[in-house]
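K.L.:
I'd like to ask some things about the structure below.
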Amino acid sequence: MKQDKKFKSNIKYYTTSEAFKFIGLGLILFSVVLYFLGLGWGFWSWLILSLGTPIGFILFLISTGRSSDDEINTYIKLNTKEIDADNISFEKGFKKRILDRQEPIYFEGFDFDGDVMVAKAKNGRIVSSIYTKAIVFPLDTGIHISYKTVSTITDDVKEDSFGINYSDIKSFKMDDQKKQIEFNKKTFTPHDIRLVIEYSDSKIISLPMQDNMDTENFIKKINEMMTKAKTVTE
């Protein structure tokens, strides 16, 4: 497991608060001001100076090198850029098999299952240390999925590219759950929306997704193709 400087900074994103930096600087600044203006406070002035300066310095050091929201997002984009309709290479004639008037859909987001680190971004969104990006192509006889799962705290990567016939799909639906995760002495309740595909002999793939009109229409279209394929084979 690789853990370079970047991963250490990313780990701090989940384990420390950016507020530590401002609290630490505030304590240091207050101590400096008190040093020059608070000599008449006697014992209390000395006590605040003795505690405020080292505590402020420690808090500042703890937050130093912590990745920002933008840095985490940039890391994810750079490491999942291969999952793009223009970057994926397919066999000759693949694009001709894509259904008319039906563009491929991206399914992506943070994963909250398993041993993950969790934090709350500045915009209030709950994020984790695992991210999956996938693209699903609707074809004439089935779907094709290419996906990549990356970690923001290690060099662990999981990726695959494969096809599933409509006649082999048992279920193609959205799963919407409110989860509760305990991490770093905090409780997080992320809204976890996923595309769940059950196919062949009880195989399942679950992809994070956004619930919008495009994904809803896409799911509806695939279910129509599934029904059509099963009707033909009966």
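Every chain in the structure tokens has a letter given in the order shown (A, B, ...), and although residue numbers restart at 1 in each chain, ligands are simply numbered from 1 in the order shown.
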With a distance cut-off of 12 Å and only C-alpha atoms, select the neighbouring residues of segment 206-215 of chain A, excluding the residue or stretch itself and same-chain residues fewer than 4 positions from it, and output the selection as a VMD selection string.

P.N.:
chain A and resid 102 to 113 130 to 136 145 to 149 171 to 177 191 to 199 219 to 222

K.L.:
For the selection just defined, write its residues with N, CA and C atoms to a file, as a compact mmCIF listing (two decimals), in the first residue's frame.

P.N.:
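What follows is the written file result36.txt:
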# COMPACT_ATOMS: atom_id res chain seq x y z
N GLN A 102 -30.25 7.76 -27.77
CA GLN A 102 -29.99 7.39 -26.38
C GLN A 102 -28.48 7.47 -26.10
N GLU A 103 -28.09 8.53 -25.44
CA GLU A 103 -26.68 8.73 -25.13
C GLU A 103 -26.26 7.86 -23.93
N PRO A 104 -24.97 7.51 -23.89
CA PRO A 104 -24.49 6.80 -22.69
C PRO A 104 -24.61 7.69 -21.47
N ILE A 105 -24.76 7.08 -20.31
CA ILE A 105 -24.97 7.83 -19.08
C ILE A 105 -23.81 7.55 -18.11
N TYR A 106 -23.37 8.62 -17.41
CA TYR A 106 -22.35 8.48 -16.39
C TYR A 106 -23.02 8.25 -15.03
N PHE A 107 -22.50 7.30 -14.31
CA PHE A 107 -22.93 7.04 -12.94
C PHE A 107 -21.69 7.19 -12.06
N GLU A 108 -21.71 8.13 -11.16
CA GLU A 108 -20.52 8.34 -10.33
C GLU A 108 -20.87 8.95 -8.98
N GLY A 109 -19.94 8.79 -8.05
CA GLY A 109 -20.14 9.34 -6.73
C GLY A 109 -19.28 8.63 -5.70
N PHE A 110 -19.42 9.03 -4.45
CA PHE A 110 -18.65 8.44 -3.36
C PHE A 110 -19.30 7.15 -2.89
N ASP A 111 -18.45 6.22 -2.47
CA ASP A 111 -18.93 4.95 -1.92
C ASP A 111 -18.88 5.02 -0.40
N PHE A 112 -19.90 4.46 0.24
CA PHE A 112 -19.97 4.51 1.70
C PHE A 112 -19.99 3.13 2.35
N ASP A 113 -19.77 2.09 1.57
CA ASP A 113 -19.73 0.74 2.12
C ASP A 113 -18.28 0.37 2.45
N ILE A 130 -13.49 6.80 -0.95
CA ILE A 130 -13.61 5.93 -2.12
C ILE A 130 -14.57 6.56 -3.12
N TYR A 131 -14.17 6.59 -4.39
CA TYR A 131 -15.00 7.20 -5.43
C TYR A 131 -15.06 6.29 -6.64
N THR A 132 -16.26 6.16 -7.20
CA THR A 132 -16.45 5.33 -8.41
C THR A 132 -17.04 6.18 -9.53
N LYS A 133 -16.46 6.02 -10.70
CA LYS A 133 -17.02 6.66 -11.90
C LYS A 133 -17.24 5.57 -12.95
N ALA A 134 -18.43 5.56 -13.53
CA ALA A 134 -18.77 4.54 -14.54
C ALA A 134 -19.51 5.20 -15.69
N ILE A 135 -19.43 4.56 -16.85
CA ILE A 135 -20.23 4.98 -18.00
C ILE A 135 -20.93 3.74 -18.54
N VAL A 136 -22.23 3.88 -18.78
CA VAL A 136 -23.03 2.75 -19.25
C VAL A 136 -23.56 3.09 -20.64
N ILE A 145 -20.60 -1.64 -19.71
CA ILE A 145 -20.20 -0.85 -18.54
C ILE A 145 -18.68 -0.76 -18.46
N SER A 146 -18.18 0.45 -18.29
CA SER A 146 -16.77 0.66 -17.98
C SER A 146 -16.73 1.48 -16.69
N TYR A 147 -15.98 1.01 -15.71
CA TYR A 147 -15.94 1.74 -14.45
C TYR A 147 -14.55 1.71 -13.83
N LYS A 148 -14.33 2.66 -12.94
CA LYS A 148 -13.07 2.71 -12.19
C LYS A 148 -13.37 3.22 -10.79
N THR A 149 -12.87 2.49 -9.80
CA THR A 149 -13.01 2.87 -8.39
C THR A 149 -11.65 3.23 -7.85
N SER A 171 -32.47 -7.50 -12.92
CA SER A 171 -33.02 -6.28 -12.32
C SER A 171 -32.09 -5.11 -12.63
N PHE A 172 -32.69 -3.98 -12.99
CA PHE A 172 -31.93 -2.78 -13.32
C PHE A 172 -32.69 -1.61 -12.70
N LYS A 173 -32.28 -1.19 -11.50
CA LYS A 173 -33.09 -0.21 -10.77
C LYS A 173 -32.25 0.68 -9.86
N MET A 174 -32.90 1.73 -9.38
CA MET A 174 -32.27 2.67 -8.45
C MET A 174 -32.56 2.23 -7.02
N ASP A 175 -31.54 2.31 -6.17
CA ASP A 175 -31.70 2.00 -4.75
C ASP A 175 -31.33 3.26 -3.96
N ASP A 176 -32.25 3.73 -3.14
CA ASP A 176 -32.09 4.98 -2.40
C ASP A 176 -32.09 4.68 -0.91
N GLN A 177 -30.96 4.96 -0.25
CA GLN A 177 -30.85 4.66 1.17
C GLN A 177 -30.25 5.84 1.94
N HIS A 191 -26.78 10.43 2.07
CA HIS A 191 -27.87 9.97 1.22
C HIS A 191 -27.23 9.17 0.09
N ASP A 192 -27.34 7.86 0.13
CA ASP A 192 -26.63 6.98 -0.79
C ASP A 192 -27.59 6.47 -1.87
N ILE A 193 -27.46 7.02 -3.08
CA ILE A 193 -28.30 6.61 -4.20
C ILE A 193 -27.44 5.81 -5.18
N ARG A 194 -27.91 4.61 -5.55
CA ARG A 194 -27.09 3.74 -6.38
C ARG A 194 -27.92 3.06 -7.47
N LEU A 195 -27.26 2.79 -8.58
CA LEU A 195 -27.84 1.96 -9.63
C LEU A 195 -27.41 0.53 -9.32
N VAL A 196 -28.38 -0.34 -9.13
CA VAL A 196 -28.09 -1.74 -8.79
C VAL A 196 -28.52 -2.63 -9.96
N ILE A 197 -27.56 -3.37 -10.48
CA ILE A 197 -27.82 -4.26 -11.62
C ILE A 197 -27.59 -5.70 -11.18
N GLU A 198 -28.62 -6.50 -11.24
CA GLU A 198 -28.49 -7.93 -10.96
C GLU A 198 -28.60 -8.67 -12.29
N TYR A 199 -27.65 -9.57 -12.54
CA TYR A 199 -27.64 -10.23 -13.83
C TYR A 199 -27.05 -11.64 -13.72
N ILE A 219 -32.91 4.49 -16.99
CA ILE A 219 -33.33 3.26 -16.31
C ILE A 219 -34.62 2.72 -16.92
N LYS A 220 -35.54 3.63 -17.21
CA LYS A 220 -36.80 3.23 -17.84
C LYS A 220 -36.55 2.60 -19.20
N LYS A 221 -35.65 3.20 -20.00
CA LYS A 221 -35.35 2.69 -21.33
C LYS A 221 -34.72 1.30 -21.26
N ILE A 222 -33.78 1.11 -20.35
CA ILE A 222 -33.12 -0.19 -20.23
C ILE A 222 -34.13 -1.26 -19.80

K.L.:
Would you please give, as a ChimeraX atom specification, all residues of segment 89-200 of chain A that DSSP assigns to strand (DSSP E or B) based on the backbone?

P.N.:
/A:98,105-110,118-120,126-128,130-139,142-151,157-165,169-178,181-183,186-188,191-199

K.L.:
When you look at Met226 of chain A with a cut-off of 8 Å (counting only C-alpha atoms), what residues show up, excluding the ones that are within fewer than 3 positions of it in the same chain? I need them as an NGL selection string.

P.N.:
:A and (166-167 or 169 or 222-223 or 229-230)

K.L.:
Please dump the current selection as an mmCIF file, in the first residue's frame; keep C-alpha atoms.

P.N.:
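For reference, result.cif as written:
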data_model
loop_
_atom_site.group_PDB
_atom_site.id
_atom_site.type_symbol
_atom_site.label_atom_id
_atom_site.label_comp_id
_atom_site.auth_asym_id
_atom_site.auth_seq_id
_atom_site.Cartn_x
_atom_site.Cartn_y
_atom_site.Cartn_z
ATOM 1 C CA TYR A 166 -30.554 -7.516 -21.919
ATOM 2 C CA SER A 167 -31.849 -11.070 -21.643
ATOM 3 C CA ILE A 169 -30.349 -8.744 -16.704
ATOM 4 C CA ILE A 222 -33.125 -0.193 -20.225
ATOM 5 C CA ASN A 223 -36.066 -1.871 -18.511
ATOM 6 C CA ALA A 229 -35.450 -9.127 -25.058
ATOM 7 C CA LYS A 230 -37.230 -11.518 -22.709
#

K.L.:
Under the rule that only C-alpha atoms are counted, which of A:Ile126, A:Ile88, A:Met117, A:Leu99 is the nearest residue to Thr15 of chain A?

P.N.:
A:Met117

K.L.:
Would you please work out which residue, of A:His144, A:Lys203, A:Lys77, A:Lys5, is nearest to Phe90 of chain A when using only C-alpha atoms?

P.N.:
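Looking at the shortest contact to Phe90 of chain A, the residue is A:His144.
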
K.L.:
When distances are computed from only C-alpha atoms, which of A:Lys228, A:Arg66, A:Lys179, A:Lys81 shows the smallest separation from Asn165 of chain A?

P.N.:
A:Lys228

K.L.:
Contacts of Thr189 of chain A at 12 Å or less, counting only C-alpha atoms, minus same-chain residues fewer than 4 places along, as a PyMOL selection string?

P.N.:
chain A and resi 112+118-120+124-128+177-183

K.L.:
Using Å and a single decimal, report how far atom CA of Ile153 of chain A sits from atom CA of Val116 of chain A.

P.N.:
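Going from atom CA of Val116 of chain A over to atom CA of Ile153 of chain A covers 9.6 Å.
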
K.L.:
Could you work out how far atom CA of Asn73 of chain A lies from atom CA of Val150 of chain A, giving the answer in Å with one decimal?

P.N.:
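We find that atom CA of Val150 of chain A and atom CA of Asn73 of chain A lie 12.1 Å from each other.
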
K.L.:
Calculated over only C-alpha atoms, which of the candidates A:Asn10, A:Arg101, A:Ser89, A:Lys96 has the smallest distance to Ser68 of chain A?

P.N.:
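Closest candidate: A:Asn10.
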
K.L.:
Report, in Å to a single decimal, how far apart atom CA of Asp140 of chain A and atom CA of Lys95 of chain A are.

P.N.:
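That distance, rounded to one decimal, is 10.4 Å.
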
K.L.:
Excluding same-chain residues fewer than 2 positions from Ser9 of chain A, what lies within 8 Å of it counting only C-alpha atoms, as a ChimeraX atom specification?

P.N.:
/A:5-7,11-13,65-67
